[in-house]
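K.L.:
Dumping the structure here so I can ask a few things about it.
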Amino acid sequence: MSAAPIDIATQHTAEFIARHAPEQSAILEIGCGEGHLAQHLQGAGFTVIAIDANADAIAATRAKGVDAHEAHWPDFKCNPVDIVIFTRSLHHIHDLDGAVSKAHAVLRDGGVLLVEDFAFNEADRKTMNWFAERLQTNSLAPALSAPPDSFMADLMEAKELGSVWESHHHHDLHEVAVMAKAIDKTFGTSEILNAPYLYRYLISCLEENVDAAVKLAAFKQQEEGAIAQRQIIPIGRRIIAKKDMR
């Protein structure tokens, strides 16, 4: 069992990437955070280059033994790679067309662009209510300690869920449909998959221990079940696009 809740999310993302990345692929991760995914992929035999605009995040990633660079995309220069991944970062990049075009340029022929993101604008009241109710009644609830003034803290105290969601999901973020359109314009076509995502919000509220990881895994399973039964809308999105062979 994973040692910390973050490992549940890391494994979930890594499984998605591994399905589209041949063994020993060279991977560029854009928006690596503290390097949990990059470290995992490197341990699985991939060659990983990671970038992030946050200096502290890069220091944490380098401490994990990853080739990490403090940089803004699309300004970063690198050698051709097999896979480019945007891990919940593409929605932040103002120059969307430039970001996608640069990703296409650094990919080798036949390389793959992978985007993991979330459809923040598609969360309906039914989904938000399901989430909020389980924050109060789920066995995970006693273990949650949300940072002050965070989305999770406000959600657990909110009477009006819609206003909380809007206030914490800024309108200057690119929506999935907009990102997909930009990718299609450069790559020609793409595939969009749904994925659970709500469980990721809990990670910042949990201690890094095995018990919390077990509870988070159970919550993720509940979310997957609710999606399968169409009780809620899946918020997570994954976009896959392949660079044509010349």
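Residue numbers start at 1 in each chain; chains themselves are named A, B, ... in the order of the structure tokens; ligands are numbered from 1 in the order shown.
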Mind checking which residues fall within 8 Å of Leu216 of chain A, counting only C-alpha atoms, ignoring those fewer than 5 positions away in the same chain, and posting them as a ChimeraX atom specification?
P.N.:
/A:5,8,140,199,202-203
K.L.:
Just the selected residues (N, CA and C atoms), exported as a short mmCIF file (atom, residue, chain, number, x, y, z; two decimals), in the first residue's frame, please.
P.N.:
```
data_model
loop_
_atom_site.label_atom_id
_atom_site.label_comp_id
_atom_site.auth_asym_id
_atom_site.auth_seq_id
_atom_site.Cartn_x
_atom_site.Cartn_y
_atom_site.Cartn_z
N PRO A 5 -1.13 9.78 0.83
CA PRO A 5 -2.23 10.02 -0.12
C PRO A 5 -1.77 10.47 -1.50
N ILE A 8 -1.45 7.87 -4.21
CA ILE A 8 -2.65 7.37 -4.89
C ILE A 8 -2.86 8.12 -6.19
N LEU A 140 -13.71 9.24 5.97
CA LEU A 140 -12.52 10.06 5.80
C LEU A 140 -12.63 11.39 6.54
N TYR A 199 -11.37 13.32 -5.71
CA TYR A 199 -10.54 12.77 -4.64
C TYR A 199 -9.23 13.53 -4.49
N LEU A 202 -8.73 16.19 -1.74
CA LEU A 202 -8.57 15.77 -0.35
C LEU A 202 -7.11 15.65 0.07
N ILE A 203 -6.22 15.54 -0.91
CA ILE A 203 -4.82 15.24 -0.58
C ILE A 203 -4.20 16.30 0.32
#
```
K.L.:
Report, in Å with one decimal, the straight-line distance from atom CA of Ile49 of chain A to atom CA of Arg200 of chain A.
P.N.:
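Atom-to-atom, atom CA of Ile49 of chain A and atom CA of Arg200 of chain A are spaced 23.8 Å apart.
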K.L.:
Do you have, as JSON lines, the list of residues of segment 10-96 of chain A lying at most 12 Å from segment 231-242 of chain A, each with its nearest atom pair and that distance in Å to one decimal, counting only C-alpha atoms and ordered by chain then number?
P.N.:
```
{"residue": "A:His12", "atom": "CA", "partner": "A:Gly236", "partner_atom": "CA", "distance": 11.6}
{"residue": "A:Thr13", "atom": "CA", "partner": "A:Arg238", "partner_atom": "CA", "distance": 9.8}
{"residue": "A:Phe16", "atom": "CA", "partner": "A:Arg238", "partner_atom": "CA", "distance": 8.7}
{"residue": "A:Ile17", "atom": "CA", "partner": "A:Ile240", "partner_atom": "CA", "distance": 9.9}
{"residue": "A:Arg19", "atom": "CA", "partner": "A:Ile240", "partner_atom": "CA", "distance": 11.0}
{"residue": "A:His20", "atom": "CA", "partner": "A:Ile240", "partner_atom": "CA", "distance": 8.6}
{"residue": "A:Ala21", "atom": "CA", "partner": "A:Lys242", "partner_atom": "CA", "distance": 11.2}
{"residue": "A:Asp82", "atom": "CA", "partner": "A:Lys242", "partner_atom": "CA", "distance": 10.1}
{"residue": "A:Ile83", "atom": "CA", "partner": "A:Lys242", "partner_atom": "CA", "distance": 9.3}
{"residue": "A:Val84", "atom": "CA", "partner": "A:Ala241", "partner_atom": "CA", "distance": 10.0}
{"residue": "A:Ile85", "atom": "CA", "partner": "A:Ile240", "partner_atom": "CA", "distance": 9.6}
{"residue": "A:Phe86", "atom": "CA", "partner": "A:Ile239", "partner_atom": "CA", "distance": 9.7}
{"residue": "A:Thr87", "atom": "CA", "partner": "A:Arg238", "partner_atom": "CA", "distance": 9.6}
{"residue": "A:Arg88", "atom": "CA", "partner": "A:Arg237", "partner_atom": "CA", "distance": 9.7}
{"residue": "A:Leu90", "atom": "CA", "partner": "A:Ile239", "partner_atom": "CA", "distance": 11.0}
{"residue": "A:His91", "atom": "CA", "partner": "A:Arg237", "partner_atom": "CA", "distance": 11.7}
```
K.L.:
What does the distance between atom CA of Cys205 of chain A and atom CA of Arg62 of chain A come to in Å, to one decimal place?
P.N.:
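Interatomic distance, atom CA of Cys205 of chain A to atom CA of Arg62 of chain A: 24.8 Å.
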K.L.:
Of the residues A:Ile58, A:Lys243, A:Asp7, A:Leu28, which is the one nearest to Lys185 of chain A, using only C-alpha atoms?
P.N.:
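For Lys185 of chain A, the nearest of the candidates is A:Lys243.
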K.L.:
Do you know which residues are at most 12 Å from Ala123 of chain A counting only C-alpha atoms, after dropping those on the same chain fewer than 5 positions away, and could you put them as a PyMOL selection string?
P.N.:
chain A and resi 118+128-131+161-162+165-166+169+197-198+232-236
K.L.:
When you look at Gln42 of chain A with a cut-off of 12 Å (counting only C-alpha atoms), what residues show up, excluding the ones that are within fewer than 6 positions of it in the same chain? I need them as a ChimeraX atom specification.
P.N.:
/A:14,18,23-29,35-36,48-50,61,64-68
K.L.:
Could those residues be written to a file, using N, CA and C atoms, as a tab-separated table (two decimals), in the first residue's frame?
P.N.:
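Dumped to selection-v9.tsv:
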```
chain	number	residue	atom	x	y	z
A	14	ALA	N	0.30	8.01	-13.40
A	14	ALA	CA	1.36	7.21	-14.01
A	14	ALA	C	0.80	6.07	-14.86
A	18	ALA	N	1.65	5.51	-18.74
A	18	ALA	CA	2.30	4.26	-19.16
A	18	ALA	C	1.53	3.59	-20.30
A	23	GLU	N	8.18	1.70	-23.59
A	23	GLU	CA	9.22	1.54	-22.58
A	23	GLU	C	10.44	2.39	-22.91
A	24	GLN	N	11.02	2.98	-21.89
A	24	GLN	CA	12.23	3.80	-21.98
A	24	GLN	C	12.02	5.08	-22.80
A	25	SER	N	10.79	5.53	-22.90
A	25	SER	CA	10.53	6.80	-23.59
A	25	SER	C	11.19	7.96	-22.85
A	26	ALA	N	11.52	9.00	-23.62
A	26	ALA	CA	11.98	10.26	-23.04
A	26	ALA	C	10.75	11.13	-22.84
A	27	ILE	N	10.53	11.55	-21.60
A	27	ILE	CA	9.32	12.28	-21.23
A	27	ILE	C	9.67	13.67	-20.73
A	28	LEU	N	8.93	14.67	-21.20
A	28	LEU	CA	9.01	16.03	-20.68
A	28	LEU	C	7.73	16.32	-19.93
A	29	GLU	N	7.84	16.57	-18.63
A	29	GLU	CA	6.67	16.92	-17.83
A	29	GLU	C	6.64	18.43	-17.61
A	35	GLY	N	7.48	17.03	-7.92
A	35	GLY	CA	8.21	15.96	-8.58
A	35	GLY	C	7.79	14.54	-8.24
A	36	HIS	N	6.63	14.36	-7.63
A	36	HIS	CA	6.20	13.00	-7.28
A	36	HIS	C	6.02	12.13	-8.52
A	48	VAL	N	13.30	11.27	-17.77
A	48	VAL	CA	12.37	12.36	-17.47
A	48	VAL	C	13.09	13.69	-17.35
A	49	ILE	N	12.53	14.69	-18.02
A	49	ILE	CA	12.91	16.08	-17.82
A	49	ILE	C	11.67	16.77	-17.28
A	50	ALA	N	11.81	17.52	-16.20
A	50	ALA	CA	10.66	18.16	-15.56
A	50	ALA	C	10.88	19.66	-15.46
A	61	THR	N	11.83	18.75	-6.49
A	61	THR	CA	11.94	17.75	-7.55
A	61	THR	C	13.38	17.31	-7.75
A	64	LYS	N	14.65	14.81	-5.37
A	64	LYS	CA	14.21	13.44	-5.65
A	64	LYS	C	15.06	12.80	-6.76
A	65	GLY	N	16.09	13.50	-7.23
A	65	GLY	CA	16.98	12.95	-8.23
A	65	GLY	C	16.52	13.11	-9.66
A	66	VAL	N	15.60	14.03	-9.89
A	66	VAL	CA	15.04	14.25	-11.22
A	66	VAL	C	15.75	15.43	-11.89
A	67	ASP	N	15.92	15.34	-13.20
A	67	ASP	CA	16.47	16.43	-13.99
A	67	ASP	C	15.38	17.50	-14.13
A	68	ALA	N	15.40	18.49	-13.25
A	68	ALA	CA	14.32	19.48	-13.16
A	68	ALA	C	14.86	20.89	-13.40
```
K.L.:
Going by DSSP on the backbone, which bits of segment 34-209 of chain A are helix (DSSP H, G or I)? Write them as a ChimeraX atom specification, please.
P.N.:
/A:36-43,55-63,90-92,96-106,120-122,125-137,141-143,151-157,161-168,176-187,198-205
